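Shown next: target33.txt, containing compact mmCIF, C-alpha atoms and all ligand atoms.
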```
# COMPACT_ATOMS: atom_id res chain seq x y z
CA MET A 1 -73.73 -87.25 -39.42
CA PRO A 2 -74.68 -83.70 -40.45
CA MET A 3 -72.49 -80.62 -40.40
CA ASP A 4 -70.93 -79.91 -37.00
CA THR A 5 -72.44 -76.64 -35.81
CA THR A 6 -70.99 -76.73 -32.29
CA ASN A 7 -69.08 -73.55 -32.95
CA PHE A 8 -71.94 -71.74 -34.61
CA PRO A 9 -75.30 -72.91 -33.32
CA ILE A 10 -78.14 -73.38 -35.79
CA GLU A 11 -80.16 -70.64 -34.13
CA SER A 12 -77.48 -68.06 -34.91
CA LEU A 13 -77.11 -69.43 -38.44
CA ARG A 14 -80.86 -69.06 -38.91
CA ALA A 15 -80.72 -65.39 -38.02
CA GLU A 16 -78.16 -64.54 -40.71
CA SER A 17 -79.17 -63.41 -44.16
CA THR A 18 -78.26 -65.93 -46.82
CA PRO A 19 -76.39 -67.12 -48.80
CA PHE A 20 -73.11 -66.96 -46.89
CA TYR A 21 -69.92 -68.92 -46.46
CA TYR A 22 -69.44 -70.33 -43.00
CA TYR A 23 -65.87 -71.15 -42.01
CA ASP A 24 -64.95 -73.43 -39.14
CA LEU A 25 -61.66 -71.88 -38.02
CA HIS A 26 -61.12 -74.63 -35.45
CA LEU A 27 -61.03 -77.16 -38.28
CA LEU A 28 -58.74 -74.89 -40.31
CA ASP A 29 -56.29 -74.72 -37.40
CA ALA A 30 -56.44 -78.48 -36.83
CA THR A 31 -55.79 -79.03 -40.55
CA LEU A 32 -52.79 -76.69 -40.53
CA ASP A 33 -51.40 -78.38 -37.41
CA LYS A 34 -51.71 -81.84 -38.92
CA MET A 35 -50.20 -80.70 -42.22
CA LYS A 36 -47.21 -79.22 -40.38
CA GLU A 37 -46.72 -82.33 -38.28
CA SER A 38 -46.88 -84.64 -41.32
CA SER A 39 -44.46 -82.52 -43.36
CA SER A 40 -41.80 -82.03 -40.73
CA PHE A 41 -38.98 -83.53 -42.80
CA PRO A 42 -35.73 -81.70 -43.53
CA GLY A 43 -36.07 -79.27 -46.44
CA PHE A 44 -39.88 -79.61 -46.79
CA HIS A 45 -41.68 -76.24 -47.13
CA ILE A 46 -45.36 -75.64 -47.75
CA HIS A 47 -46.82 -72.71 -49.67
CA TYR A 48 -50.56 -72.16 -49.49
CA ALA A 49 -52.15 -71.77 -52.95
CA VAL A 50 -53.96 -68.49 -52.35
CA LYS A 51 -56.24 -69.04 -55.35
CA ALA A 52 -58.18 -71.65 -53.37
CA ASN A 53 -59.45 -69.06 -50.92
CA SER A 54 -58.18 -65.52 -50.48
CA ASN A 55 -60.62 -64.47 -47.78
CA PRO A 56 -58.53 -62.11 -45.58
CA GLU A 57 -59.41 -63.92 -42.32
CA ILE A 58 -58.45 -67.27 -43.77
CA LEU A 59 -55.24 -65.86 -45.22
CA LYS A 60 -54.27 -64.28 -41.88
CA ARG A 61 -54.81 -67.56 -40.09
CA ILE A 62 -52.70 -69.45 -42.61
CA ALA A 63 -49.94 -66.80 -42.61
CA ALA A 64 -49.81 -67.01 -38.81
CA SER A 65 -49.13 -70.75 -39.09
CA GLY A 66 -45.75 -69.87 -40.62
CA ILE A 67 -46.09 -71.39 -44.09
CA GLY A 68 -45.52 -69.51 -47.37
CA ALA A 69 -47.90 -68.43 -50.14
CA ASP A 70 -48.23 -69.55 -53.75
CA THR A 71 -49.72 -66.74 -55.83
CA VAL A 72 -50.82 -66.24 -59.43
CA SER A 73 -51.44 -62.51 -59.70
CA LEU A 74 -50.33 -59.19 -58.25
CA GLY A 75 -53.69 -59.08 -56.47
CA GLU A 76 -52.84 -62.33 -54.70
CA ILE A 77 -49.31 -61.12 -53.86
CA ARG A 78 -50.79 -58.00 -52.28
CA ALA A 79 -53.41 -60.02 -50.39
CA ALA A 80 -50.71 -62.38 -49.10
CA ILE A 81 -48.49 -59.53 -47.94
CA ALA A 82 -51.45 -57.78 -46.27
CA ALA A 83 -52.24 -61.03 -44.42
CA GLY A 84 -48.70 -61.25 -43.08
CA PHE A 85 -46.88 -63.66 -45.39
CA PRO A 86 -43.26 -62.52 -45.66
CA ALA A 87 -42.37 -61.61 -49.27
CA ALA A 88 -39.45 -64.06 -49.18
CA LYS A 89 -41.96 -66.89 -48.65
CA ILE A 90 -44.11 -65.93 -51.64
CA VAL A 91 -43.83 -67.72 -54.97
CA PHE A 92 -45.44 -66.32 -58.09
CA ALA A 93 -46.72 -68.69 -60.79
CA GLY A 94 -49.02 -68.26 -63.76
CA VAL A 95 -48.84 -68.47 -67.51
CA GLY A 96 -49.64 -64.81 -68.19
CA LYS A 97 -47.79 -62.55 -65.77
CA THR A 98 -47.92 -58.96 -67.01
CA ASP A 99 -44.94 -56.59 -67.04
CA GLU A 100 -46.51 -54.62 -64.18
CA GLU A 101 -46.92 -57.80 -62.11
CA ILE A 102 -43.36 -58.94 -62.79
CA ALA A 103 -41.90 -55.53 -61.87
CA ALA A 104 -43.94 -55.34 -58.66
CA ALA A 105 -42.94 -58.88 -57.64
CA ILE A 106 -39.26 -58.05 -58.18
CA GLU A 107 -39.65 -54.87 -56.12
CA TYR A 108 -41.35 -56.82 -53.32
CA GLU A 109 -38.39 -59.25 -53.43
CA ILE A 110 -40.60 -62.33 -53.51
CA GLY A 111 -38.98 -65.72 -52.99
CA CYS A 112 -39.37 -67.12 -56.49
CA PHE A 113 -41.01 -66.75 -59.88
CA ASN A 114 -42.29 -69.97 -61.38
CA ALA A 115 -41.75 -69.17 -65.06
CA GLU A 116 -43.84 -71.00 -67.63
CA SER A 117 -42.01 -70.23 -70.92
CA ASP A 118 -38.74 -69.08 -72.43
CA GLU A 119 -40.54 -65.92 -73.55
CA GLU A 120 -41.48 -65.17 -69.94
CA VAL A 121 -37.90 -65.77 -68.77
CA GLY A 122 -36.81 -63.18 -71.36
CA VAL A 123 -39.27 -60.59 -70.07
CA ILE A 124 -38.38 -61.25 -66.40
CA GLU A 125 -34.72 -60.82 -67.34
CA GLU A 126 -35.35 -57.51 -69.13
CA ILE A 127 -37.42 -56.09 -66.26
CA ALA A 128 -34.93 -57.31 -63.63
CA LYS A 129 -32.15 -55.58 -65.56
CA SER A 130 -34.10 -52.34 -65.80
CA LEU A 131 -34.69 -52.42 -62.05
CA GLY A 132 -31.10 -53.43 -61.28
CA LYS A 133 -32.29 -56.42 -59.20
CA LYS A 134 -31.66 -60.08 -59.91
CA ALA A 135 -34.87 -62.15 -60.17
CA PRO A 136 -35.15 -65.63 -58.61
CA VAL A 137 -36.67 -68.00 -61.18
CA ALA A 138 -37.73 -71.65 -61.15
CA LEU A 139 -38.96 -73.28 -64.35
CA ARG A 140 -42.34 -74.94 -64.49
CA ILE A 141 -41.84 -78.17 -66.37
CA ASN A 142 -44.63 -80.21 -67.85
CA PRO A 143 -43.83 -83.75 -66.69
CA GLU A 144 -46.44 -85.43 -68.92
CA ILE A 145 -48.24 -87.32 -66.18
CA ASP A 146 -51.94 -88.10 -66.28
CA ALA A 147 -53.35 -87.16 -62.89
CA HIS A 148 -56.66 -88.93 -63.67
CA THR A 149 -58.78 -86.05 -62.50
CA HIS A 150 -61.34 -83.82 -64.25
CA HIS A 151 -59.91 -82.70 -67.61
CA TYR A 152 -60.29 -79.02 -66.67
CA ILE A 153 -57.95 -79.49 -63.71
CA THR A 154 -55.41 -81.92 -65.19
CA THR A 155 -52.40 -79.87 -66.09
CA GLY A 156 -49.39 -82.17 -66.35
CA LEU A 157 -50.13 -83.75 -69.74
CA ALA A 158 -48.25 -82.91 -72.95
CA GLU A 159 -48.87 -79.63 -74.81
CA ASN A 160 -51.23 -77.50 -72.83
CA LYS A 161 -50.85 -73.83 -72.01
CA PHE A 162 -49.09 -74.56 -68.70
CA GLY A 163 -45.40 -75.17 -68.20
CA ILE A 164 -42.47 -75.91 -70.46
CA ALA A 165 -42.34 -79.18 -72.41
CA MET A 166 -39.53 -81.54 -71.38
CA SER A 167 -38.09 -81.31 -74.91
CA LEU A 168 -37.84 -77.50 -74.78
CA MET A 169 -36.48 -77.42 -71.23
CA PRO A 170 -32.69 -77.70 -71.84
CA ASP A 171 -32.59 -74.41 -73.78
CA VAL A 172 -34.60 -72.57 -71.16
CA VAL A 173 -32.30 -73.86 -68.39
CA GLU A 174 -29.33 -72.56 -70.42
CA HIS A 175 -31.05 -69.21 -70.77
CA CYS A 176 -31.51 -68.94 -66.99
CA VAL A 177 -28.09 -70.08 -65.88
CA ASN A 178 -26.33 -67.83 -68.37
CA SER A 179 -28.32 -64.74 -67.46
CA GLU A 180 -26.76 -62.05 -65.34
CA TRP A 181 -30.21 -60.99 -64.13
CA ILE A 182 -31.65 -64.35 -63.21
CA GLU A 183 -30.90 -66.53 -60.25
CA PHE A 184 -31.86 -70.06 -61.27
CA LYS A 185 -33.77 -71.63 -58.36
CA GLY A 186 -34.84 -74.99 -59.75
CA PHE A 187 -37.79 -76.86 -61.19
CA HIS A 188 -41.51 -76.56 -60.56
CA PHE A 189 -44.22 -79.11 -61.38
CA HIS A 190 -47.96 -79.25 -60.87
CA ILE A 191 -49.80 -82.23 -62.29
CA GLY A 192 -53.42 -81.36 -61.48
CA SER A 193 -55.92 -80.87 -58.72
CA GLN A 194 -58.25 -83.05 -56.58
CA ILE A 195 -55.85 -85.99 -56.83
CA THR A 196 -56.84 -88.82 -54.50
CA ASP A 197 -54.81 -91.71 -55.92
CA MET A 198 -51.16 -91.23 -54.95
CA THR A 199 -49.76 -93.09 -57.99
CA PRO A 200 -49.30 -89.96 -60.15
CA TYR A 201 -47.24 -88.39 -57.36
CA ARG A 202 -45.02 -91.45 -57.19
CA ILE A 203 -44.52 -91.27 -60.94
CA LEU A 204 -43.69 -87.58 -60.56
CA CYS A 205 -40.97 -88.45 -58.03
CA GLU A 206 -39.47 -90.96 -60.44
CA LYS A 207 -39.46 -88.42 -63.28
CA ILE A 208 -37.80 -85.82 -61.07
CA ASN A 209 -35.14 -88.33 -60.01
CA ILE A 210 -34.31 -89.01 -63.67
CA LEU A 211 -34.24 -85.30 -64.44
CA GLN A 212 -31.85 -84.61 -61.57
CA GLU A 213 -29.58 -87.42 -62.76
CA GLU A 214 -29.50 -85.88 -66.22
CA TYR A 215 -28.16 -82.63 -64.73
CA PRO A 216 -25.46 -83.79 -62.30
CA ASP A 217 -23.53 -80.52 -62.57
CA LEU A 218 -26.44 -78.11 -62.43
CA ALA A 219 -27.10 -76.47 -59.04
CA ILE A 220 -30.81 -77.03 -58.32
CA PRO A 221 -31.53 -75.44 -54.93
CA THR A 222 -35.28 -76.14 -55.04
CA ILE A 223 -37.72 -78.71 -56.33
CA ASN A 224 -41.35 -77.59 -56.23
CA VAL A 225 -43.90 -80.38 -56.69
CA GLY A 226 -46.98 -78.13 -56.76
CA GLY A 227 -50.26 -78.99 -55.11
CA GLY A 228 -53.30 -81.05 -55.99
CA LEU A 229 -53.89 -83.24 -52.95
CA GLY A 230 -57.61 -84.06 -53.03
CA ILE A 231 -60.23 -84.20 -50.31
CA ASP A 232 -63.27 -86.39 -49.58
CA TYR A 233 -66.28 -84.55 -51.00
CA ASP A 234 -68.60 -87.52 -50.35
CA ASN A 235 -67.91 -87.95 -46.65
CA PRO A 236 -66.53 -84.71 -45.22
CA GLU A 237 -67.31 -85.74 -41.64
CA ASP A 238 -65.36 -89.00 -41.95
CA HIS A 239 -62.35 -87.24 -43.48
CA PRO A 240 -62.34 -83.63 -42.32
CA ILE A 241 -58.53 -83.61 -42.65
CA PRO A 242 -56.82 -85.19 -45.67
CA ASP A 243 -54.29 -87.99 -45.24
CA PHE A 244 -51.24 -85.74 -45.09
CA ASP A 245 -49.04 -88.56 -43.76
CA GLU A 246 -49.66 -90.66 -46.87
CA PHE A 247 -49.08 -87.68 -49.16
CA PHE A 248 -45.83 -86.38 -47.66
CA ASN A 249 -44.45 -89.89 -47.19
CA ILE A 250 -44.73 -90.48 -50.93
CA PHE A 251 -42.18 -87.72 -51.46
CA LYS A 252 -40.07 -88.61 -48.43
CA ASN A 253 -39.79 -92.21 -49.63
CA ASN A 254 -39.56 -91.79 -53.40
CA LEU A 255 -37.89 -88.50 -54.21
CA HIS A 256 -34.09 -88.41 -54.08
CA LEU A 257 -33.38 -84.94 -52.80
CA ARG A 258 -29.81 -83.75 -53.03
CA PRO A 259 -28.06 -82.71 -49.82
CA SER A 260 -29.60 -79.45 -48.55
CA GLN A 261 -32.02 -79.27 -51.49
CA GLN A 262 -35.38 -77.69 -50.59
CA LEU A 263 -38.69 -79.33 -51.48
CA HIS A 264 -41.65 -77.01 -51.96
CA PHE A 265 -45.35 -77.91 -52.00
CA GLU A 266 -48.26 -75.71 -53.05
CA LEU A 267 -51.37 -76.99 -51.32
CA GLY A 268 -54.66 -75.19 -51.74
CA ARG A 269 -57.77 -77.35 -51.54
CA ALA A 270 -56.36 -79.79 -48.98
CA LEU A 271 -55.91 -76.97 -46.46
CA VAL A 272 -59.18 -75.08 -46.79
CA ALA A 273 -61.91 -77.10 -48.54
CA GLN A 274 -63.39 -78.89 -45.55
CA CYS A 275 -63.55 -75.88 -43.26
CA GLY A 276 -65.98 -74.02 -45.53
CA THR A 277 -69.72 -74.54 -46.05
CA LEU A 278 -72.07 -72.57 -48.24
CA ILE A 279 -75.26 -71.88 -46.30
CA THR A 280 -78.31 -71.15 -48.43
CA ARG A 281 -82.00 -70.82 -47.68
CA VAL A 282 -84.85 -72.58 -49.44
CA THR A 283 -86.95 -70.12 -51.39
CA PHE A 284 -89.35 -72.67 -52.86
CA VAL A 285 -90.02 -76.37 -52.81
CA LYS A 286 -91.37 -76.78 -56.31
CA LYS A 287 -93.36 -79.77 -57.53
CA GLY A 288 -92.63 -80.90 -61.08
CA VAL A 289 -94.24 -83.75 -63.00
CA ASN A 290 -91.86 -86.47 -61.82
CA LYS A 291 -89.48 -84.52 -59.63
CA GLN A 292 -89.43 -82.13 -56.73
CA PHE A 293 -87.06 -79.20 -56.77
CA VAL A 294 -85.57 -77.44 -53.79
CA ILE A 295 -84.72 -73.95 -55.01
CA VAL A 296 -82.16 -72.19 -52.83
CA ASP A 297 -81.07 -68.57 -52.74
CA GLY A 298 -77.41 -69.12 -53.69
CA GLY A 299 -76.49 -70.81 -56.97
CA MET A 300 -73.59 -71.07 -59.39
CA ASN A 301 -72.83 -67.41 -58.69
CA ALA A 302 -72.02 -68.40 -55.09
CA LEU A 303 -70.44 -71.81 -55.78
CA LEU A 304 -69.48 -72.53 -59.38
CA ARG A 305 -67.91 -75.97 -59.00
CA PRO A 306 -70.98 -78.16 -59.64
CA ALA A 307 -71.96 -76.17 -62.77
CA LEU A 308 -68.42 -75.92 -64.14
CA TYR A 309 -66.92 -79.32 -63.31
CA GLN A 310 -70.00 -81.42 -62.50
CA ALA A 311 -68.45 -81.47 -59.03
CA HIS A 312 -70.25 -83.22 -56.22
CA HIS A 313 -70.71 -81.47 -52.87
CA LYS A 314 -72.56 -83.10 -50.02
CA ILE A 315 -75.89 -81.36 -49.44
CA GLU A 316 -77.68 -81.26 -46.08
CA ASN A 317 -80.83 -79.73 -44.71
CA ILE A 318 -79.57 -78.47 -41.34
CA THR A 319 -82.86 -77.16 -39.98
CA SER A 320 -85.50 -79.75 -40.91
CA GLU A 321 -86.65 -81.77 -37.94
CA SER A 322 -88.52 -84.31 -40.05
CA GLU A 323 -87.58 -87.98 -39.68
CA LYS A 324 -89.02 -88.71 -43.14
CA THR A 325 -86.90 -88.16 -46.23
CA GLU A 326 -87.74 -87.28 -49.80
CA VAL A 327 -85.76 -87.04 -53.01
CA TYR A 328 -85.12 -83.62 -54.53
CA ASP A 329 -83.09 -81.83 -57.15
CA VAL A 330 -81.38 -78.95 -55.40
CA ALA A 331 -80.96 -75.94 -57.68
CA GLY A 332 -80.01 -72.28 -57.51
CA PRO A 333 -81.83 -69.20 -58.76
CA ILE A 334 -79.55 -68.43 -61.74
CA CYS A 335 -80.97 -68.47 -65.25
CA GLU A 336 -78.81 -71.37 -66.47
CA SER A 337 -79.80 -75.04 -66.68
CA SER A 338 -76.45 -76.02 -65.20
CA ASP A 339 -77.24 -74.14 -61.99
CA VAL A 340 -77.93 -77.34 -60.07
CA PHE A 341 -76.11 -78.40 -56.89
CA GLY A 342 -77.35 -81.97 -56.91
CA GLU A 343 -79.86 -84.27 -58.59
CA ASN A 344 -81.87 -86.92 -56.72
CA VAL A 345 -80.59 -85.82 -53.34
CA GLN A 346 -82.18 -87.51 -50.37
CA LEU A 347 -83.05 -84.92 -47.72
CA PRO A 348 -85.36 -84.80 -44.74
CA VAL A 349 -88.71 -83.39 -45.83
CA THR A 350 -87.80 -79.87 -46.82
CA HIS A 351 -89.78 -76.64 -46.52
CA ARG A 352 -89.50 -73.08 -47.67
CA GLY A 353 -87.19 -71.24 -45.24
CA ASP A 354 -85.04 -74.27 -44.31
CA LEU A 355 -81.27 -73.86 -44.36
CA ILE A 356 -79.35 -76.01 -46.82
CA ALA A 357 -75.63 -76.57 -46.25
CA ILE A 358 -73.40 -77.27 -49.23
CA ARG A 359 -70.35 -78.89 -47.70
CA SER A 360 -66.62 -78.90 -48.54
CA ALA A 361 -66.91 -75.48 -50.16
CA GLY A 362 -63.92 -73.76 -48.55
CA ALA A 363 -61.72 -74.17 -51.62
CA TYR A 364 -62.59 -72.58 -54.97
CA GLY A 365 -65.97 -71.56 -53.55
CA GLU A 366 -65.91 -67.97 -52.38
CA ALA A 367 -62.79 -67.46 -54.52
CA MET A 368 -64.69 -68.25 -57.73
CA ALA A 369 -67.96 -66.56 -56.77
CA SER A 370 -69.31 -63.96 -59.17
CA SER A 371 -72.09 -61.42 -59.33
CA TYR A 372 -73.71 -63.12 -62.34
CA ASN A 373 -77.38 -62.15 -62.63
CA SER A 374 -76.38 -59.12 -60.52
CA ARG A 375 -76.55 -61.17 -57.35
CA PRO A 376 -74.26 -60.18 -54.50
CA ILE A 377 -71.18 -62.26 -53.74
CA PRO A 378 -71.88 -64.20 -50.51
CA VAL A 379 -70.47 -62.76 -47.33
CA SER A 380 -68.45 -64.87 -44.90
CA LYS A 381 -69.06 -65.84 -41.26
CA PHE A 382 -66.69 -67.59 -38.91
CA SER A 383 -66.97 -70.08 -36.08
CA ARG A 384 -66.74 -68.49 -32.68
N1 LIG B 1 -50.02 -74.95 -57.89
C1 LIG B 1 -50.42 -74.66 -59.14
C2 LIG B 1 -49.43 -74.30 -60.15
C3 LIG B 1 -51.79 -74.69 -59.46
O1 LIG B 1 -52.18 -74.40 -60.70
C4 LIG B 1 -52.74 -75.04 -58.47
C5 LIG B 1 -54.16 -75.08 -58.76
C6 LIG B 1 -52.27 -75.32 -57.17
C7 LIG B 1 -50.89 -75.28 -56.93
C8 LIG B 1 -53.19 -75.69 -56.03
O2 LIG B 1 -53.88 -76.84 -56.30
P1 LIG B 1 -54.75 -77.57 -55.16
O3 LIG B 1 -53.80 -78.03 -54.08
O4 LIG B 1 -55.71 -76.58 -54.63
O5 LIG B 1 -55.40 -78.68 -55.85
N2 LIG B 1 -61.07 -74.49 -59.52
C9 LIG B 1 -60.75 -75.90 -59.55
C10 LIG B 1 -59.31 -76.15 -59.18
C11 LIG B 1 -58.34 -75.39 -60.03
C12 LIG B 1 -56.92 -75.64 -59.61
C13 LIG B 1 -56.01 -74.67 -60.29
N3 LIG B 1 -54.64 -74.81 -59.90
C14 LIG B 1 -61.73 -76.64 -58.64
O6 LIG B 1 -62.60 -76.02 -58.06
O7 LIG B 1 -61.64 -77.87 -58.52
```
Output the structure of this file as structure tokens.
Ligand code: LLP
Amino acid sequence: MPMDTTNFPIESLRAESTPFYYYDLHLLDATLDKMKESSSFPGFHIHYAVKANSNPEILKRIAASGIGADTVSLGEIRAAIAAGFPAAKIVFAGVGKTDEEIAAAIEYEIGCFNAESDEEVGVIEEIAKSLGKKAPVALRINPEIDAHTHHYITTGLAENKFGIAMSLMPDVVEHCVNSEWIEFKGFHFHIGSQITDMTPYRILCEKINILQEEYPDLAIPTINVGGGLGIDYDNPEDHPIPDFDEFFNIFKNNLHLRPSQQLHFELGRALVAQCGTLITRVTFVKKGVNKQFVIVDGGMNALLRPALYQAHHKIENITSESEKTEVYDVAGPICESSDVFGENVQLPVTHRGDLIAIRSAGAYGEAMASSYNSRPIPVSKFSR
């Protein structure tokens, strides 16, 4: 079944200049509703990982749903506040927060810093002291779990730039709890992204249980288990909304929360990926020796994931009326060999001027777009 264009008929799509991101806000709302329903357990709180998509319309919609925001820069904090997220529901992560970002976040009175090193805790402490305001800090711990996902987006394994190693953690906890300028909030974990097998999350729960047992006398108001829930890139129409019940139940059933302890999640992709589609137009259908190429007007500048992670996005010709199909390589206009959306893609017979939809592009699509080759960043359109 091709992309559902009920809320934005093909004729109106045809009239738009390309490439552009098309967002189905009805699907976004349905996804948010289902996520809220599936996570309605005591103490569970969701923060949207703004990095996945910081389009102002999308952010406003998500803020209006009442969840919090997970940010990684002052730019994201500002975007979240502008969209209506209350500062108290904003968490601020990232391995390289600058002094300016830390000071601004303290002034905004955000809900929590997720600190990634003892050095960072020291700087937060100094800046908090200079501003005369205590800073809320959770520690990002590296739980050494293999999330079995692409190596660029696996983050929970030993010794990488993210988080604090388990062996270094006790000293950093000491640092926080003994500081006059830090309010210790708890522990933060994030094991990777596009995780579709729930086993690593179950292992994470077990590790957190052990950690909590090792610190029976430490007050740990919050556990933050990060994000990473994956989506179905192969069959977006069969699974437009991820299996939130399965995901949240893993934590409900395996994590031993203490009485009144809060459990935070930072979901990005799972909330926004399926509602976004990159719409491009065919500039040429080019015959090679053994192959045919469909060249479209948006490439890795518009959607970087295939070039950067060899990611697969479903590709559809949404305007061809042909019943016959042919096999094509679908490529962008950028002067890089990796600027290919898909090889050997079966499409209805395709012509110059047809519209090609690259599905499941709502997360890390527009957010990672660039003006490489001096091409404009795609604009966005929304379902009516
Ligand atoms: N929390 C932390 C600390 C993170 O680093 C990330 C993502 C998230 C939450 C949200 O993860 P999600 O629920 O969206 O999987 N550009 C890559 C993904 C990079 C993910 C970076 N961190 C891609 O296009 O696949």
>> Need the shell around A:Ile102: protein/DNA/RNA residues with any atom at most 8 Å away, counting all atoms listed in the file. Skip same-chain ones fewer than 5 positions apart. Format as an NGL selection string?
In response: :A and (97 or 124 or 127)
>> With all atoms listed in the file as the counted atoms, please give the residues lying no more than 10 Å from A:Lys60, apart from itself and same-chain residues fewer than 5 positions off, as a VMD selection string.
In response: chain A and resid 54 to 55 65 79 to 85
> Closest to A:Leu74 among A:Gly122, A:Pro376, A:Gly94, A:Gly226, using only C-alpha atoms?
Replying inline: A:Gly94
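Counting all atoms listed in the file and comparing A:Leu263, A:Leu257, A:Ala270, A:Ala147, the residue that lies closest to ligand LIG 1 (chain B) is A:Ala270.
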>> If we count all atoms listed in the file and set the cut-off at 7 Å, which residues sit around stretch 280-293 of chain A, ignoring sequence neighbours fewer than 4 positions away in its own chain? Please answer as a list in words.
In response: Thr18, Pro19, Phe20, Asp297, Gly298, Tyr328, Asp329, Val330, Ala331, His351, Arg352, Gly353, Asp354, Leu355, Ile356 and Ala357 of chain A
The centre and edge lengths of an axis-aligned box containing all atoms of stretch 31-47 of chain A present in the file, extended by 3 Å on each side, are to be given in Å to one decimal, as lines of an AutoDock Vina configuration file.
```
center_x = -45.8
center_y = -78.7
center_z = -43.5
size_x = 26.1
size_y = 17.9
size_z = 18.3
```
>> Report, in Å with one decimal, the straight-line distance from atom CA of A:Ala87 to atom CA of A:Phe162.
In response: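 A separation of 24.3 Å between them.
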> Could you state the separation of atom CA of A:Glu116 and atom CA of A:Ser39 in Å, given to one decimal place?
Replying inline: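 Distance reported for this atom pair: 26.9 Å.
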>> Give me, as number ranges by chain, the set of residues whose atoms come within 8 Å of any atom of ligand LIG 1 (chain B), counting only C-alpha atoms and all ligand atoms.
In response: A: 48-49, 51-52, 70, 93-94, 152-153, 155, 189-190, 192-195, 226-230, 265-271, 304-305, 309, 311, 363-365, 368
>> Excluding stretch 175-184 of chain A and its own-chain neighbours fewer than 5 positions away, which residues fall within 10 Å of it when counting all atoms listed in the file? Please give them as a VMD selection string.
In response: chain A and resid 112 to 113 118 121 to 122 124 to 139 169 to 170 218 to 222
> Taking into account only C-alpha atoms, which residue in the set A:His188, A:Arg202, A:Arg14, A:His239 is nearest to A:Val225?
Replying inline: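 Among A:His188, A:Arg202, A:Arg14, A:His239, it is A:His188 that comes nearest to A:Val225.
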>> Show me, as a list in words, the residues that have an atom within 9 Å of stretch 207-209 of chain A when counting only C-alpha atoms, minus same-chain residues fewer than 2 positions from it.
In response: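 Listed by chain and then number, they are Pro143, Phe187, Arg202, Ile203, Leu204, Cys205, Leu211, Gln212, Glu213, Glu214, Ile223, Asn254, Leu255, His256 and Leu257 of chain A.
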> What separation in Å, quoted to one decimal, exists between atom CA of A:Gly362 and atom CA of A:Ser12?
Replying inline: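 A separation of 20.1 Å between them.
Minimum atom-to-atom distance to A:Ile145, evaluated using only C-alpha atoms, belongs to A:Ile191 out of A:Ala361, A:Ile67, A:Ala104, A:Ile191.
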Give as an mmCIF file with C-alpha atoms, in the frame of the given file every residue, naming chains and numbers as the document does, that has an atom within 10 Å of (-54.7, -58.9, -61.1), counting only C-alpha atoms.
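And here's result.cif as it stands now:
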```cif
data_model
loop_
_atom_site.group_PDB
_atom_site.id
_atom_site.type_symbol
_atom_site.label_atom_id
_atom_site.label_comp_id
_atom_site.auth_asym_id
_atom_site.auth_seq_id
_atom_site.Cartn_x
_atom_site.Cartn_y
_atom_site.Cartn_z
ATOM 1 C CA VAL A 72 -50.820 -66.240 -59.430
ATOM 2 C CA SER A 73 -51.440 -62.510 -59.700
ATOM 3 C CA LEU A 74 -50.330 -59.190 -58.250
ATOM 4 C CA GLY A 75 -53.690 -59.080 -56.470
ATOM 5 C CA GLU A 76 -52.840 -62.330 -54.700
ATOM 6 C CA ILE A 77 -49.310 -61.120 -53.860
ATOM 7 C CA ARG A 78 -50.790 -58.000 -52.280
ATOM 8 C CA LYS A 97 -47.790 -62.550 -65.770
ATOM 9 C CA THR A 98 -47.920 -58.960 -67.010
ATOM 10 C CA GLU A 100 -46.510 -54.620 -64.180
ATOM 11 C CA GLU A 101 -46.920 -57.800 -62.110
#
```
